[in-house]
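Visitor: Dropping in model.txt, with compact mmCIF, C-alpha atoms and all ligand atoms.
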```
# COMPACT_ATOMS: atom_id res chain seq x y z
CA MET A 1 19.85 8.43 13.85
CA SER A 2 21.11 12.00 14.05
CA GLN A 3 24.78 11.51 13.20
CA LEU A 4 26.52 9.05 10.93
CA PRO A 5 29.03 6.60 12.45
CA SER A 6 32.73 7.11 11.76
CA ALA A 7 34.22 6.47 8.32
CA LYS A 8 35.86 3.31 9.66
CA ALA A 9 32.57 2.00 11.05
CA LEU A 10 30.72 2.71 7.78
CA GLN A 11 33.35 0.92 5.68
CA HIS A 12 33.22 -2.00 8.11
CA LEU A 13 29.44 -2.16 7.79
CA VAL A 14 29.66 -2.15 3.97
CA ASP A 15 32.32 -4.90 4.01
CA GLU A 16 30.42 -7.07 6.49
CA THR A 17 27.09 -6.66 4.74
CA PHE A 18 28.63 -7.45 1.38
CA GLN A 19 30.29 -10.58 2.79
CA GLN A 20 27.03 -11.73 4.35
CA PHE A 21 24.83 -11.38 1.28
CA HIS A 22 26.88 -11.35 -1.94
CA GLY A 23 26.54 -15.09 -2.42
CA LEU A 24 22.94 -15.42 -1.24
CA PRO A 25 21.15 -18.08 -3.33
CA GLY A 26 17.82 -17.49 -5.04
CA GLY A 27 16.48 -15.52 -7.98
CA GLU A 28 17.35 -15.60 -11.66
CA ASN A 29 18.77 -13.16 -14.17
CA ALA A 30 16.18 -11.43 -16.33
CA SER A 31 15.78 -13.60 -19.41
CA TYR A 32 13.32 -11.65 -21.55
CA ILE A 33 16.17 -9.37 -22.67
CA PRO A 34 18.81 -11.71 -24.15
CA TYR A 35 21.82 -9.62 -23.02
CA LEU A 36 20.76 -9.68 -19.36
CA ALA A 37 20.53 -13.47 -19.32
CA SER A 38 24.23 -13.65 -20.22
CA VAL A 39 25.59 -11.48 -17.36
CA PRO A 40 27.57 -13.56 -14.76
CA ASP A 41 25.19 -14.10 -11.86
CA GLU A 42 27.88 -14.11 -9.15
CA LEU A 43 28.61 -10.39 -9.63
CA ALA A 44 27.69 -8.17 -6.67
CA ALA A 45 28.52 -4.76 -5.18
CA LEU A 46 27.41 -2.45 -2.37
CA VAL A 47 28.13 1.30 -2.18
CA ILE A 48 27.20 4.12 0.19
CA VAL A 49 27.74 7.75 -0.86
CA THR A 50 26.98 10.25 1.89
CA ALA A 51 25.27 13.59 1.27
CA ASN A 52 28.67 15.27 1.63
CA GLY A 53 30.31 12.96 -0.90
CA ASP A 54 32.16 10.32 1.16
CA VAL A 55 32.22 6.93 -0.56
CA TYR A 56 32.21 3.44 1.04
CA GLN A 57 32.19 0.46 -1.30
CA ALA A 58 32.72 -3.29 -1.59
CA GLY A 59 32.55 -5.99 -4.26
CA ASP A 60 32.55 -5.65 -8.05
CA ILE A 61 32.71 -1.87 -7.97
CA GLU A 62 34.26 -1.47 -11.43
CA TYR A 63 31.67 -3.61 -13.20
CA ARG A 64 29.36 -1.66 -15.52
CA PHE A 65 25.85 -3.06 -15.89
CA ALA A 66 22.61 -2.00 -17.57
CA ILE A 67 20.78 0.78 -15.72
CA GLU A 68 17.37 -0.46 -16.98
CA SER A 69 14.43 0.87 -14.98
CA ILE A 70 16.56 3.02 -12.70
CA SER A 71 16.80 5.31 -15.74
CA LYS A 72 13.13 6.14 -15.06
CA VAL A 73 14.20 8.18 -12.01
CA ALA A 74 16.62 10.27 -14.09
CA THR A 75 14.03 10.94 -16.78
CA LEU A 76 11.45 11.80 -14.12
CA ALA A 77 13.88 14.29 -12.57
CA LEU A 78 14.40 15.92 -15.96
CA LEU A 79 10.67 16.01 -16.63
CA MET A 80 10.04 17.65 -13.25
CA GLU A 81 12.51 20.36 -14.28
CA ASP A 82 10.77 20.75 -17.66
CA VAL A 83 7.10 20.84 -16.65
CA GLY A 84 6.92 20.82 -12.82
CA PRO A 85 5.45 18.25 -10.41
CA GLU A 86 1.79 19.15 -10.91
CA MET A 87 1.94 18.51 -14.66
CA VAL A 88 3.66 15.16 -14.00
CA ARG A 89 0.89 14.25 -11.60
CA GLU A 90 -1.87 15.36 -13.97
CA LYS A 91 -0.54 13.77 -17.16
CA ILE A 92 1.09 10.63 -15.74
CA GLY A 93 0.11 10.10 -12.10
CA ALA A 94 1.39 9.37 -8.60
CA GLU A 95 -0.23 6.09 -7.63
CA PRO A 96 1.02 2.52 -7.37
CA THR A 97 -0.39 0.15 -9.99
CA GLY A 98 -0.05 -2.92 -7.74
CA LEU A 99 0.80 -4.84 -10.91
CA PRO A 100 4.00 -5.80 -12.80
CA PHE A 101 6.09 -3.05 -14.40
CA ASN A 102 4.93 -3.81 -17.93
CA SER A 103 1.29 -4.51 -17.13
CA VAL A 104 -1.26 -3.81 -19.85
CA LEU A 105 -4.02 -4.60 -17.37
CA ALA A 106 -2.93 -1.66 -15.20
CA LEU A 107 -3.47 0.63 -18.18
CA CYS A 108 -6.80 -0.90 -19.15
CA GLU A 109 -8.13 -0.52 -15.62
CA HIS A 110 -7.33 3.20 -15.52
CA HIS A 111 -8.51 4.49 -18.92
CA ASP A 112 -4.97 4.07 -20.30
CA LYS A 113 -3.49 6.56 -17.81
CA PRO A 114 -0.11 5.20 -16.64
CA LEU A 115 -0.54 6.15 -12.91
CA SER A 116 3.23 6.22 -12.30
CA PRO A 117 6.30 7.47 -14.20
CA LEU A 118 8.16 4.46 -12.77
CA VAL A 119 6.33 1.74 -14.71
CA ASN A 120 7.03 1.20 -18.40
CA ALA A 121 3.87 2.99 -19.61
CA GLY A 122 4.52 6.03 -17.43
CA ALA A 123 8.20 6.07 -18.33
CA MET A 124 7.41 6.19 -22.05
CA ALA A 125 4.82 8.91 -21.40
CA SER A 126 7.54 10.80 -19.46
CA VAL A 127 9.96 10.53 -22.37
CA SER A 128 7.25 11.82 -24.69
CA LEU A 129 6.49 14.83 -22.46
CA LEU A 130 10.11 16.07 -22.28
CA LYS A 131 10.89 19.27 -24.12
CA ALA A 132 12.56 18.17 -27.36
CA ASP A 133 12.30 18.85 -31.08
CA SER A 134 13.66 15.50 -32.26
CA ALA A 135 14.31 11.95 -31.09
CA GLU A 136 18.03 12.69 -30.99
CA GLN A 137 17.57 15.75 -28.79
CA ARG A 138 15.22 13.80 -26.51
CA TRP A 139 17.86 11.08 -26.14
CA GLN A 140 20.79 13.47 -25.64
CA ARG A 141 18.94 15.32 -22.86
CA ILE A 142 18.27 12.01 -21.08
CA LEU A 143 21.88 10.82 -21.41
CA ASP A 144 23.04 14.21 -20.16
CA VAL A 145 20.86 14.06 -17.02
CA GLN A 146 22.02 10.49 -16.30
CA ARG A 147 25.60 11.79 -16.42
CA ARG A 148 24.86 14.82 -14.25
CA LEU A 149 22.98 12.81 -11.61
CA THR A 150 25.77 10.21 -11.36
CA ALA A 151 28.79 12.43 -12.07
CA GLY A 152 29.83 9.27 -13.90
CA ASN A 153 30.95 8.10 -17.29
CA VAL A 154 27.53 6.86 -18.39
CA THR A 155 27.53 5.57 -21.97
CA LEU A 156 25.10 3.76 -24.24
CA SER A 157 25.86 0.07 -24.72
CA ASP A 158 25.22 -0.71 -28.38
CA GLU A 159 25.05 -4.40 -27.50
CA ILE A 160 22.33 -3.96 -24.85
CA ASN A 161 20.45 -1.42 -26.97
CA GLU A 162 20.42 -3.81 -29.93
CA SER A 163 19.30 -6.66 -27.65
CA GLU A 164 16.42 -4.55 -26.28
CA GLN A 165 15.33 -2.73 -29.46
CA THR A 166 14.93 -6.04 -31.28
CA THR A 167 12.81 -7.63 -28.52
CA ASN A 168 10.73 -4.73 -27.11
CA PHE A 169 7.44 -5.68 -28.82
CA HIS A 170 5.44 -5.58 -25.59
CA ASN A 171 6.59 -2.02 -24.84
CA ARG A 172 5.72 -0.99 -28.41
CA GLY A 173 2.20 -2.26 -27.78
CA ILE A 174 1.97 -0.23 -24.57
CA ALA A 175 3.18 2.90 -26.38
CA TRP A 176 0.44 2.56 -29.02
CA LEU A 177 -2.22 2.09 -26.29
CA LEU A 178 -1.00 5.27 -24.60
CA TYR A 179 -1.07 7.14 -27.90
CA ALA A 180 -4.59 5.95 -28.74
CA ALA A 181 -5.81 7.39 -25.43
CA GLY A 182 -4.02 10.74 -25.86
CA ASN A 183 -1.46 9.90 -23.16
CA CYS A 184 1.66 9.81 -25.34
CA PHE A 185 2.87 13.27 -26.31
CA CYS A 186 5.17 12.48 -29.23
CA ASP A 187 5.28 9.76 -31.87
CA PRO A 188 4.76 6.55 -29.82
CA MET A 189 7.55 4.66 -31.56
CA GLU A 190 9.90 7.56 -30.85
CA ALA A 191 8.90 7.41 -27.16
CA CYS A 192 9.48 3.65 -27.08
CA GLU A 193 12.76 3.80 -28.99
CA VAL A 194 14.24 6.55 -26.77
CA TYR A 195 12.92 4.85 -23.61
CA THR A 196 14.62 1.63 -24.70
CA ARG A 197 17.89 3.52 -25.25
CA GLN A 198 17.68 5.14 -21.82
CA CYS A 199 17.46 1.64 -20.26
CA SER A 200 20.53 0.50 -22.21
CA THR A 201 23.20 2.68 -20.64
CA LEU A 202 26.02 1.25 -18.54
CA VAL A 203 26.58 2.32 -14.93
CA THR A 204 28.60 1.21 -11.93
CA CYS A 205 27.10 0.65 -8.51
CA LYS A 206 28.85 3.83 -7.37
CA ASP A 207 27.15 5.78 -10.18
CA LEU A 208 23.79 4.69 -8.76
CA ALA A 209 24.83 5.55 -5.21
CA VAL A 210 25.85 9.04 -6.37
CA MET A 211 22.49 9.46 -8.14
CA SER A 212 20.80 8.47 -4.93
CA ALA A 213 23.05 10.75 -2.83
CA THR A 214 22.15 13.62 -5.17
CA LEU A 215 18.49 13.12 -4.27
CA ALA A 216 19.46 12.73 -0.60
CA ASN A 217 21.35 16.03 -0.86
CA HIS A 218 18.30 18.06 -1.99
CA GLY A 219 19.15 17.66 -5.69
CA LYS A 220 22.79 18.80 -5.47
CA ASN A 221 25.30 16.22 -6.65
CA PRO A 222 27.78 15.85 -3.75
CA ILE A 223 30.59 14.75 -6.07
CA SER A 224 30.34 17.36 -8.84
CA GLY A 225 28.75 20.10 -6.72
CA GLU A 226 26.12 20.71 -9.42
CA GLN A 227 22.51 21.44 -8.46
CA VAL A 228 20.95 18.93 -10.85
CA VAL A 229 17.39 18.88 -9.46
CA THR A 230 15.49 21.85 -8.04
CA PRO A 231 15.16 21.16 -4.28
CA GLU A 232 11.34 21.45 -4.39
CA ASN A 233 11.18 18.70 -7.02
CA VAL A 234 13.02 16.12 -4.89
CA ALA A 235 10.14 15.26 -2.51
CA PRO A 236 7.68 14.38 -5.31
CA ILE A 237 10.35 12.20 -6.97
CA LEU A 238 10.89 10.36 -3.67
CA ALA A 239 7.12 9.99 -3.25
CA GLU A 240 6.88 8.38 -6.69
CA MET A 241 9.74 6.03 -5.73
CA THR A 242 7.95 5.06 -2.52
CA MET A 243 4.76 4.27 -4.43
CA GLU A 244 6.23 2.28 -7.31
CA GLY A 245 10.05 2.07 -7.10
CA LEU A 246 10.08 -1.69 -6.56
CA TYR A 247 6.91 -2.29 -8.61
CA ASP A 248 4.36 -4.60 -7.01
CA TYR A 249 6.76 -5.15 -4.10
CA SER A 250 6.91 -1.41 -3.22
CA GLY A 251 4.52 -1.71 -0.29
CA ASP A 252 6.47 -4.58 1.26
CA TRP A 253 9.72 -2.66 0.75
CA ALA A 254 8.26 0.41 2.50
CA PHE A 255 6.99 -1.83 5.29
CA GLU A 256 10.34 -3.49 5.87
CA VAL A 257 12.96 -0.89 4.91
CA GLY A 258 11.11 2.43 4.93
CA LEU A 259 13.22 4.17 2.27
CA PRO A 260 12.32 5.36 -1.26
CA GLY A 261 13.99 2.96 -3.68
CA LYS A 262 14.27 2.10 -7.35
CA SER A 263 15.24 -1.17 -8.98
CA GLY A 264 16.23 -2.24 -12.48
CA VAL A 265 16.16 -5.63 -14.16
CA GLY A 266 19.92 -5.29 -14.72
CA GLY A 267 20.26 -6.09 -10.99
CA GLY A 268 20.76 -2.55 -9.68
CA LEU A 269 18.83 -1.11 -6.73
CA LEU A 270 19.17 2.25 -5.02
CA ALA A 271 17.64 3.73 -1.86
CA VAL A 272 17.59 7.35 -0.73
CA VAL A 273 18.06 8.48 2.87
CA PRO A 274 17.04 12.17 2.71
CA GLY A 275 19.67 14.51 4.11
CA LYS A 276 22.06 11.65 4.84
CA MET A 277 23.11 9.29 2.06
CA GLY A 278 22.46 7.27 -1.04
CA ILE A 279 22.82 3.50 -0.89
CA ALA A 280 23.11 1.31 -4.00
CA ALA A 281 23.61 -2.39 -4.49
CA PHE A 282 23.94 -4.63 -7.51
CA SER A 283 23.63 -8.33 -8.30
CA PRO A 284 21.85 -9.81 -11.34
CA PRO A 285 19.53 -12.53 -9.93
CA LEU A 286 15.99 -11.14 -9.59
CA ASP A 287 12.88 -12.13 -7.69
CA GLU A 288 9.46 -12.48 -9.30
CA SER A 289 8.79 -8.73 -9.21
CA GLY A 290 12.04 -7.96 -11.07
CA ASN A 291 14.04 -6.76 -8.05
CA SER A 292 17.57 -7.99 -7.26
CA VAL A 293 17.42 -10.56 -4.45
CA ARG A 294 20.87 -9.79 -3.01
CA ALA A 295 20.69 -6.03 -3.51
CA GLN A 296 17.47 -5.90 -1.51
CA ARG A 297 19.03 -7.82 1.36
CA MET A 298 22.21 -5.70 1.36
CA ILE A 299 20.34 -2.39 1.44
CA ALA A 300 17.84 -3.64 4.01
CA GLN A 301 20.73 -4.69 6.26
CA VAL A 302 22.47 -1.29 6.00
CA ALA A 303 19.17 0.49 6.70
CA LYS A 304 18.50 -1.69 9.73
CA SER A 305 22.03 -1.38 11.15
CA LEU A 306 22.00 2.42 10.86
CA ASN A 307 18.35 2.77 11.90
CA LEU A 308 17.47 4.62 8.69
CA ASN A 309 13.77 3.71 8.34
CA LEU A 310 11.99 7.03 7.65
CA TYR A 311 8.92 5.84 9.51
CA GLY A 312 10.92 4.65 12.49
O1 LIG A 401 11.30 -1.93 -20.41
C1 LIG A 401 11.86 -2.93 -20.03
O2 LIG A 401 11.28 -3.99 -19.96
C2 LIG A 401 13.32 -2.84 -19.58
N1 LIG A 401 14.08 -2.10 -20.51
C3 LIG A 401 13.46 -2.25 -18.21
C4 LIG A 401 12.50 -2.82 -17.21
C5 LIG A 401 12.99 -2.83 -15.82
O3 LIG A 401 14.14 -2.62 -15.48
C6 LIG A 401 11.99 -3.21 -14.85
N2 LIG A 401 12.61 -3.47 -13.59
N3 LIG A 401 12.77 -3.83 -12.64
```
Here is a file; write its structure as structure tokens.
Ligand code: DON
Guide:
Amino acid sequence: MSQLPSAKALQHLVDETFQQFHGLPGGENASYIPYLASVPDELAALVIVTANGDVYQAGDIEYRFAIESISKVATLALLMEDVGPEMVREKIGAEPTGLPFNSVLALCEHHDKPLSPLVNAGAMASVSLLKADSAEQRWQRILDVQRRLTAGNVTLSDEINESEQTTNFHNRGIAWLLYAAGNCFCDPMEACEVYTRQCSTLVTCKDLAVMSATLANHGKNPISGEQVVTPENVAPILAEMTMEGLYDYSGDWAFEVGLPGKSGVGGGLLAVVPGKMGIAAFSPPLDESGNSVRAQRMIAQVAKSLNLNLYG
């Protein structure tokens, strides 16, 4: 597809796709984080933000939900700015694990190297590798980049943070394994605590679509006009998303949709169409890999209708 359809046609597509899939049965809210289990499961939204900043949206567009794993993309972008892609590749990796996002087995099989910044181990290693003199500075830099990527009012939810910090024992174990192998570059409990906070911010579906459109627009946020990511760093971020953005479903997603994506257990999912647009969808019920059932179908439908598959 060389040119985008008219504004009217794009809004029509968003409305139709939302109508078709917002009530799709199947999946369950994440339950291992108590807060997420309590979010109403009928919520849903779909948003497109083009690379020049036009917005098309439908559904529960005001609802603010937990960013969760999609925060890993923001932290990766910041880390790329701090140390460059080659250091990210050397210290963390650029391979799919083929295993769930919090897999200890994936670490054990690879000498405790995370392989990807988009699984929990690699995300905590990323947090630890950021330039920062204190936990507070580490956190403030992450919150700041989430705000700059979304041009949105991203804030920490104390309720979600409390819910996660008091139940994140598995991630604490992973952080200690990383540290023991020399793959955590600050105090491991600091890395885990800040990582948990970065997952506990509230975003709208539009915020995620703007983040995605920023990557689609060579790192320049089309809403704020700020160059948030150096253009050369965008391709390696998208490559990491292709490899691991939907965890052990990433290969199937690439096969079917052909767009770099990233999901979160809060029900958010974004996909990047380089040079053209960001697409984001939200709905809490998840499949077994931890990806929103309805969000996947909504984005897949938009990609198919507009012929966006990068391998097509
Ligand atoms: O670390 C965790 O388990 C959560 N805070 C985030 C995980 C997540 O979103 C994985 N997603 N699909």
Visitor: Produce as a list in words the set of residues near ligand LIG 401 (chain A), where near means within 6 Å with all atoms listed in the file considered.
Guide: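 Those residues are Glu68, Ser69, Phe101, Asn120, Thr196, Cys199, Ser263, Gly264, Val265, Gly290 and Asn291 of chain A.
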Visitor: Of the candidates A:Leu99, A:Ala66, A:Leu129, A:Val83, which one gets nearest to A:Leu156 if we count all atoms listed in the file?
Guide: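 Smallest separation from A:Leu156 among the options: A:Ala66.
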Visitor: Can you measure atom CA of A:Asn153 to atom CA of A:Phe21 for me? One decimal in Å is fine.
Guide: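 One can read the atom CA of A:Asn153 to atom CA of A:Phe21 distance as 27.6 Å.
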Visitor: Taking only residues of stretch 99-199 of chain A that have an atom at most 9 Å from an atom of stretch 219-234 of chain A, what is each one's shortest atom pair and its distance in Å to one decimal, using all atoms listed in the file, in chain and number order, as JSON lines?
Guide:
```
{"residue": "A:Val145", "atom": "CA", "partner": "A:Val228", "partner_atom": "CA", "distance": 7.9}
{"residue": "A:Arg148", "atom": "CA", "partner": "A:Val228", "partner_atom": "CA", "distance": 6.6}
{"residue": "A:Leu149", "atom": "CA", "partner": "A:Asn221", "partner_atom": "CA", "distance": 6.5}
{"residue": "A:Thr150", "atom": "CA", "partner": "A:Asn221", "partner_atom": "CA", "distance": 7.7}
{"residue": "A:Ala151", "atom": "CA", "partner": "A:Ser224", "partner_atom": "CA", "distance": 6.1}
```
Visitor: Padding 8 Å on each side, edges along x, y and z: where is the centre of the box around the listed atoms of stretch 154-165 of chain A, and how long are its edges in Å to one decimal? Output it as AutoDock Vina command-line options.
Guide:
```
--center_x 21.4 --center_y 0.1 --center_z -24.2 --size_x 28.2 --size_y 29.5 --size_z 27.5
```
Visitor: Take atom CA of A:Leu202 and atom CA of A:Phe65 and report the distance between them in Å, one decimal.
Guide: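 Going from atom CA of A:Leu202 over to atom CA of A:Phe65 covers 5.1 Å.
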Visitor: Out of A:Val293, A:Val272, A:Cys205, A:Leu78, which residue has the shortest atom-to-atom distance to A:Asn217 when counting all atoms listed in the file?
Guide: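 Ranking A:Val293, A:Val272, A:Cys205, A:Leu78 by distance to A:Asn217, first place goes to A:Val272.
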Visitor: In the coordinates of the file, take the point (7.6, -2.3, -5.7) and a cut-off of 12 Å; then, counting only C-alpha atoms, name each qualifying protein, DNA or RNA residue as a ChimeraX atom specification.
Guide: /A:69,95-101,116,118-119,240-257,259-264,269,287-292,296
Visitor: Could you please determine the separation between atom CA of A:Arg89 and atom CA of A:Thr75 in Å, to one decimal place?
Guide: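 Atom CA of A:Thr75 lies at a distance of 14.5 Å from atom CA of A:Arg89.
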Visitor: Using all atoms listed in the file, determine which residues lie at most 8 Å from A:Met189, disregarding the query and same-chain residues fewer than 3 positions distant; provide the list as an MDAnalysis selection string.
Guide: chainID A and resid 172 175:176 192:193
Visitor: Counting all atoms listed in the file, write as a list of chain:residue names all protein and nucleic acid residues lying at most 10 Å from (-4.2, 6.1, -24.8) in the file's frame.
Guide: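 Checked against the point, the hits come out as A:Leu107, A:Cys108, A:His111, A:Asp112, A:Lys113, A:Pro114, A:Ile174, A:Ala175, A:Trp176, A:Leu177, A:Leu178, A:Tyr179, A:Ala180, A:Ala181, A:Gly182, A:Asn183, A:Cys184.
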Visitor: Counting all atoms listed in the file, figure out which residue out of A:Ile48, A:Leu143, A:Ala216, A:Leu286 gets nearest to A:Pro25.
Guide: A:Leu286
Visitor: Of the candidates A:Arg138, A:Lys206, A:Lys304, A:Lys131, which shows the shortest atom-to-atom distance to A:Asp60, using all atoms listed in the file?
Guide: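 Of A:Arg138, A:Lys206, A:Lys304, A:Lys131, the one nearest A:Asp60 is A:Lys206, counting all atoms listed in the file.
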Visitor: With only C-alpha atoms as the basis for distance, which of A:Asn307, A:Asp82, A:Val210, A:Val302 is at the shortest distance from A:His12?
Guide: A:Val302
Visitor: Between A:Asp54, A:Glu190, A:Glu62, A:Glu136, which has the minimum distance to A:Gln165 (counting all atoms listed in the file)?
Guide: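 Of the candidates, the smallest distance to A:Gln165 is held by A:Glu190.
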Visitor: What lies within 12 Å of A:Gln3 using all atoms listed in the file, ignoring chain neighbours under 4 positions off, as number ranges by chain?
Guide: A: 7, 10, 50, 275-277, 306-308
Visitor: Go ahead and save the picked residues with C-alpha atoms, as an mmCIF file, in the coordinates of the input.
Guide:
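Output saved as again_29.cif:
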```cif
data_model
loop_
_atom_site.group_PDB
_atom_site.id
_atom_site.type_symbol
_atom_site.label_atom_id
_atom_site.label_comp_id
_atom_site.auth_asym_id
_atom_site.auth_seq_id
_atom_site.Cartn_x
_atom_site.Cartn_y
_atom_site.Cartn_z
ATOM 1 C CA ALA A 7 34.220 6.470 8.320
ATOM 2 C CA LEU A 10 30.720 2.710 7.780
ATOM 3 C CA THR A 50 26.980 10.250 1.890
ATOM 4 C CA GLY A 275 19.670 14.510 4.110
ATOM 5 C CA LYS A 276 22.060 11.650 4.840
ATOM 6 C CA MET A 277 23.110 9.290 2.060
ATOM 7 C CA LEU A 306 22.000 2.420 10.860
ATOM 8 C CA ASN A 307 18.350 2.770 11.900
ATOM 9 C CA LEU A 308 17.470 4.620 8.690
#
```
Visitor: Could you give me, as a list in words, the residues within 10 Å of A:Asp41, counting only C-alpha atoms and dropping anything in the same chain fewer than 6 positions from it?
Guide: Gly23, Gly27, Glu28, Asn29, Gly267, Ser283, Pro284, Pro285 and Leu286 of chain A
